[in-house]
Amino acid sequence: MRSVPLWALLSSACAPVVLILGWLVTASLQGSTYDPVAQTISVLAAPGTAGSWVMTAAFVALGVCHLLTAWGLRPAAAAGRIALAGGGVAALAVALFPAPSSGGSLRHGSVAVAGFVFLAAWPILAARSGRGAPWALRPVPSLGATVVMALGAGWFLLELHLQGAMGVAERAVTTLQSVWPFVVVLSCVRPAVRPRDRRAGADAERHLGSR
């Protein structure tokens with residue numbers, strides 16, 4: 001028995017892999033027509049562009065990974081698991097409502113913002129107090145993760161407003177948001193103490209105390 005199923009470790013580990021491989025492969029297919037510094041990841045999935053299906057598939061895979069991780073992350077508070085699942089649904093919606101190759105899209109922008117909010121908020125919403133809580137679910141690390149993600153999202157919005165290095169900012173914050181679930185799950189994956197082992201430990205403590 002473990003505090004989280006091993007498939008949740010796999011789904012959380014796959015999230016950053018599929019995201020990063022998705023944008024790397026798609027950017028290489030688009031070549032010099034795409035500027036990773038000044039253009040967002042969503043542009044890679046714009047209909048009609050070279051390799052857009054790769055980035056679209058990466059968004060779908062990312063959403064499925066977050067949904068599976070939220071399902072398996074039983075030690076986390078329910079509100080945090082729901083928020084993480086919301087981030088997964090938002091990733092699926094990003095694939096369903098892709099950004100246009102030029103200009104903006106209200107539907108795409110709305111689901112992208114929702115994804116940023118869900119994935120920034122889920123760490124603090126998932127926090128647990130008490131000595132038995134996994135370290136990545138304790139209040140201080142959880143709050144720190146939320147603050148850093150919120151600051152990263154603010155940086156991205158600033159770069160978007162200034163038409164600056166929005167691609168760099170988006171990659172930084174989305175990488176962090178995709179890695180943190182893996183960190184949390186990794187802190188939760190530990191063998192549960194069996195009753196026999198617990199009794200043996202108690203007997204050993206009594207034996208040492210009697211000396």
# chains A, B, ... in the order shown; residues from 1 in each chain; ligands from 1
>>> select_by_dssp(residues="chain A", states="helix (DSSP H, G or I)", output="PyMOL selection string")
chain A and resi 6-33+42-45+52-72+78-96+106-125+135-137+139-162+166-188+195-209
>>> residues_around(residues="region 136-140 of chain A", least_positions_apart="3", cutoff="12 Å", atoms="only C-alpha atoms", output="ChimeraX atom specification")
/A:73-77,80-81,122-133,143-147,180-189
>>> write_last_selection(atoms="N, CA and C atoms", output="CSV table (one decimal), in the first residue's frame")
chain,number,residue,atom,x,y,z
A,73,LEU,N,-4.1,11.9,-6.4
A,73,LEU,CA,-3.4,12.6,-5.3
A,73,LEU,C,-4.3,12.7,-4.0
A,74,ARG,N,-4.5,11.5,-3.4
A,74,ARG,CA,-5.5,11.4,-2.3
A,74,ARG,C,-5.0,12.1,-1.1
A,75,PRO,N,-3.7,12.3,-0.8
A,75,PRO,CA,-3.4,13.0,0.5
A,75,PRO,C,-3.7,14.5,0.4
A,76,ALA,N,-3.9,15.1,-0.8
A,76,ALA,CA,-4.1,16.5,-0.9
A,76,ALA,C,-5.6,16.8,-0.5
A,77,ALA,N,-5.8,18.1,-0.1
A,77,ALA,CA,-7.1,18.6,0.2
A,77,ALA,C,-8.0,18.6,-1.0
A,80,GLY,N,-7.8,21.5,-3.6
A,80,GLY,CA,-6.7,21.5,-4.4
A,80,GLY,C,-6.8,20.5,-5.6
A,81,ARG,N,-7.3,19.4,-5.3
A,81,ARG,CA,-7.4,18.3,-6.3
A,81,ARG,C,-8.4,18.8,-7.4
A,122,TRP,N,-3.9,25.9,-7.1
A,122,TRP,CA,-4.1,24.5,-6.5
A,122,TRP,C,-3.1,24.1,-5.4
A,123,PRO,N,-1.8,24.6,-5.5
A,123,PRO,CA,-0.9,24.2,-4.4
A,123,PRO,C,-1.4,24.6,-3.0
A,124,ILE,N,-1.8,25.9,-2.8
A,124,ILE,CA,-2.3,26.3,-1.5
A,124,ILE,C,-3.6,25.7,-1.1
A,125,LEU,N,-4.5,25.5,-2.1
A,125,LEU,CA,-5.7,24.9,-1.9
A,125,LEU,C,-5.6,23.4,-1.5
A,126,ALA,N,-4.5,22.8,-1.9
A,126,ALA,CA,-4.3,21.4,-1.6
A,126,ALA,C,-3.5,21.1,-0.3
A,127,ALA,N,-3.1,22.2,0.4
A,127,ALA,CA,-2.2,22.1,1.5
A,127,ALA,C,-2.9,21.4,2.7
A,128,ARG,N,-2.1,20.6,3.4
A,128,ARG,CA,-2.5,19.9,4.6
A,128,ARG,C,-1.6,20.3,5.8
A,129,SER,N,-2.1,20.5,6.9
A,129,SER,CA,-1.3,20.7,8.1
A,129,SER,C,-1.1,19.5,8.9
A,130,GLY,N,-0.2,19.5,9.8
A,130,GLY,CA,0.1,18.4,10.7
A,130,GLY,C,1.4,17.7,10.4
A,131,ARG,N,1.9,17.0,11.3
A,131,ARG,CA,3.3,16.4,11.2
A,131,ARG,C,3.3,15.3,10.1
A,132,GLY,N,2.1,14.7,9.9
A,132,GLY,CA,2.1,13.5,9.0
A,132,GLY,C,1.9,14.0,7.5
A,133,ALA,N,1.7,15.2,7.3
A,133,ALA,CA,1.5,15.7,5.9
A,133,ALA,C,2.8,15.6,5.1
A,143,LEU,N,2.2,27.5,-0.2
A,143,LEU,CA,2.1,28.9,-0.4
A,143,LEU,C,3.2,29.5,-1.2
A,144,GLY,N,4.4,29.0,-1.0
A,144,GLY,CA,5.5,29.4,-1.8
A,144,GLY,C,5.3,29.1,-3.3
A,145,ALA,N,4.8,27.9,-3.6
A,145,ALA,CA,4.6,27.5,-5.0
A,145,ALA,C,3.5,28.4,-5.6
A,146,THR,N,2.5,28.7,-4.9
A,146,THR,CA,1.4,29.5,-5.4
A,146,THR,C,1.9,30.9,-5.7
A,147,VAL,N,2.7,31.5,-4.7
A,147,VAL,CA,3.2,32.8,-4.9
A,147,VAL,C,4.1,32.9,-6.1
A,180,TRP,N,5.3,21.1,-10.7
A,180,TRP,CA,5.0,21.0,-9.3
A,180,TRP,C,4.1,19.8,-8.9
A,181,PRO,N,3.1,19.4,-9.7
A,181,PRO,CA,2.4,18.2,-9.4
A,181,PRO,C,3.2,17.0,-9.2
A,182,PHE,N,4.3,16.9,-10.0
A,182,PHE,CA,5.2,15.7,-9.9
A,182,PHE,C,6.0,15.8,-8.5
A,183,VAL,N,6.4,17.0,-8.2
A,183,VAL,CA,7.1,17.2,-6.9
A,183,VAL,C,6.2,16.8,-5.7
A,184,VAL,N,4.9,17.2,-5.8
A,184,VAL,CA,4.0,16.9,-4.7
A,184,VAL,C,3.7,15.4,-4.7
A,185,VAL,N,3.5,14.8,-5.8
A,185,VAL,CA,3.2,13.3,-5.8
A,185,VAL,C,4.5,12.6,-5.3
A,186,LEU,N,5.7,13.0,-5.7
A,186,LEU,CA,6.9,12.4,-5.3
A,186,LEU,C,7.0,12.4,-3.8
A,187,SER,N,6.6,13.6,-3.2
A,187,SER,CA,6.7,13.7,-1.7
A,187,SER,C,5.7,12.8,-1.0
A,188,CYS,N,4.6,12.4,-1.7
A,188,CYS,CA,3.6,11.5,-1.2
A,188,CYS,C,3.8,10.0,-1.3
A,189,VAL,N,4.7,9.7,-2.3
A,189,VAL,CA,4.9,8.3,-2.6
A,189,VAL,C,5.8,7.7,-1.6
>>> closest_residue(among="A:His66, A:His108, A:His161, A:Arg171", to="Gly86 (chain A)", atoms="only C-alpha atoms")
A:His66
>>> atom_distance(atom1="CA of Ile82 (chain A)", atom2="CA of Ala114 (chain A)")
13.2 Å
>>> closest_residue(among="A:Val4, A:Ala169, A:Ala99, A:Ala120", to="Val43 (chain A)", atoms="only C-alpha atoms")
A:Ala99
>>> closest_residue(among="A:Thr69, A:Thr26, A:Gln177, A:Ser105", to="Ser12 (chain A)", atoms="only C-alpha atoms")
A:Thr69
>>> residues_around(residues="Gly63 (chain A)", least_positions_apart="2", cutoff="7 Å", atoms="only C-alpha atoms", output="PyMOL selection string")
chain A and resi 59-61+65-67+88-89+91-92
>>> write_last_selection(atoms="N, CA, C and O atoms", output="short mmCIF file (atom, residue, chain, number, x, y, z; two decimals), in the first residue's frame")
data_model
loop_
_atom_site.label_atom_id
_atom_site.label_comp_id
_atom_site.auth_asym_id
_atom_site.auth_seq_id
_atom_site.Cartn_x
_atom_site.Cartn_y
_atom_site.Cartn_z
N PHE A 59 -1.17 19.46 -25.71
CA PHE A 59 -2.14 20.07 -24.79
C PHE A 59 -3.14 19.03 -24.27
O PHE A 59 -3.48 19.02 -23.08
N VAL A 60 -3.60 18.16 -25.16
CA VAL A 60 -4.54 17.11 -24.75
C VAL A 60 -3.87 16.17 -23.74
O VAL A 60 -4.46 15.84 -22.70
N ALA A 61 -2.65 15.75 -24.04
CA ALA A 61 -1.93 14.86 -23.13
C ALA A 61 -1.67 15.52 -21.79
O ALA A 61 -1.79 14.88 -20.73
N CYS A 65 -3.01 14.21 -18.18
CA CYS A 65 -2.06 13.98 -17.09
C CYS A 65 -2.51 14.69 -15.81
O CYS A 65 -2.48 14.10 -14.72
N HIS A 66 -2.93 15.95 -15.93
CA HIS A 66 -3.38 16.68 -14.74
C HIS A 66 -4.64 16.06 -14.14
O HIS A 66 -4.78 16.00 -12.92
N LEU A 67 -5.55 15.61 -14.99
CA LEU A 67 -6.77 14.98 -14.49
C LEU A 67 -6.46 13.68 -13.74
O LEU A 67 -7.01 13.44 -12.66
N GLY A 88 -6.43 20.81 -15.72
CA GLY A 88 -6.43 19.81 -16.77
C GLY A 88 -7.52 20.05 -17.79
O GLY A 88 -7.30 19.94 -19.00
N VAL A 89 -8.72 20.41 -17.31
CA VAL A 89 -9.83 20.71 -18.23
C VAL A 89 -9.49 21.93 -19.07
O VAL A 89 -9.80 21.98 -20.27
N ALA A 91 -6.53 22.86 -20.05
CA ALA A 91 -5.58 22.44 -21.09
C ALA A 91 -6.30 21.77 -22.25
O ALA A 91 -5.96 21.99 -23.42
N LEU A 92 -7.30 20.97 -21.93
CA LEU A 92 -8.11 20.34 -22.99
C LEU A 92 -8.88 21.40 -23.78
O LEU A 92 -9.00 21.31 -25.01
#
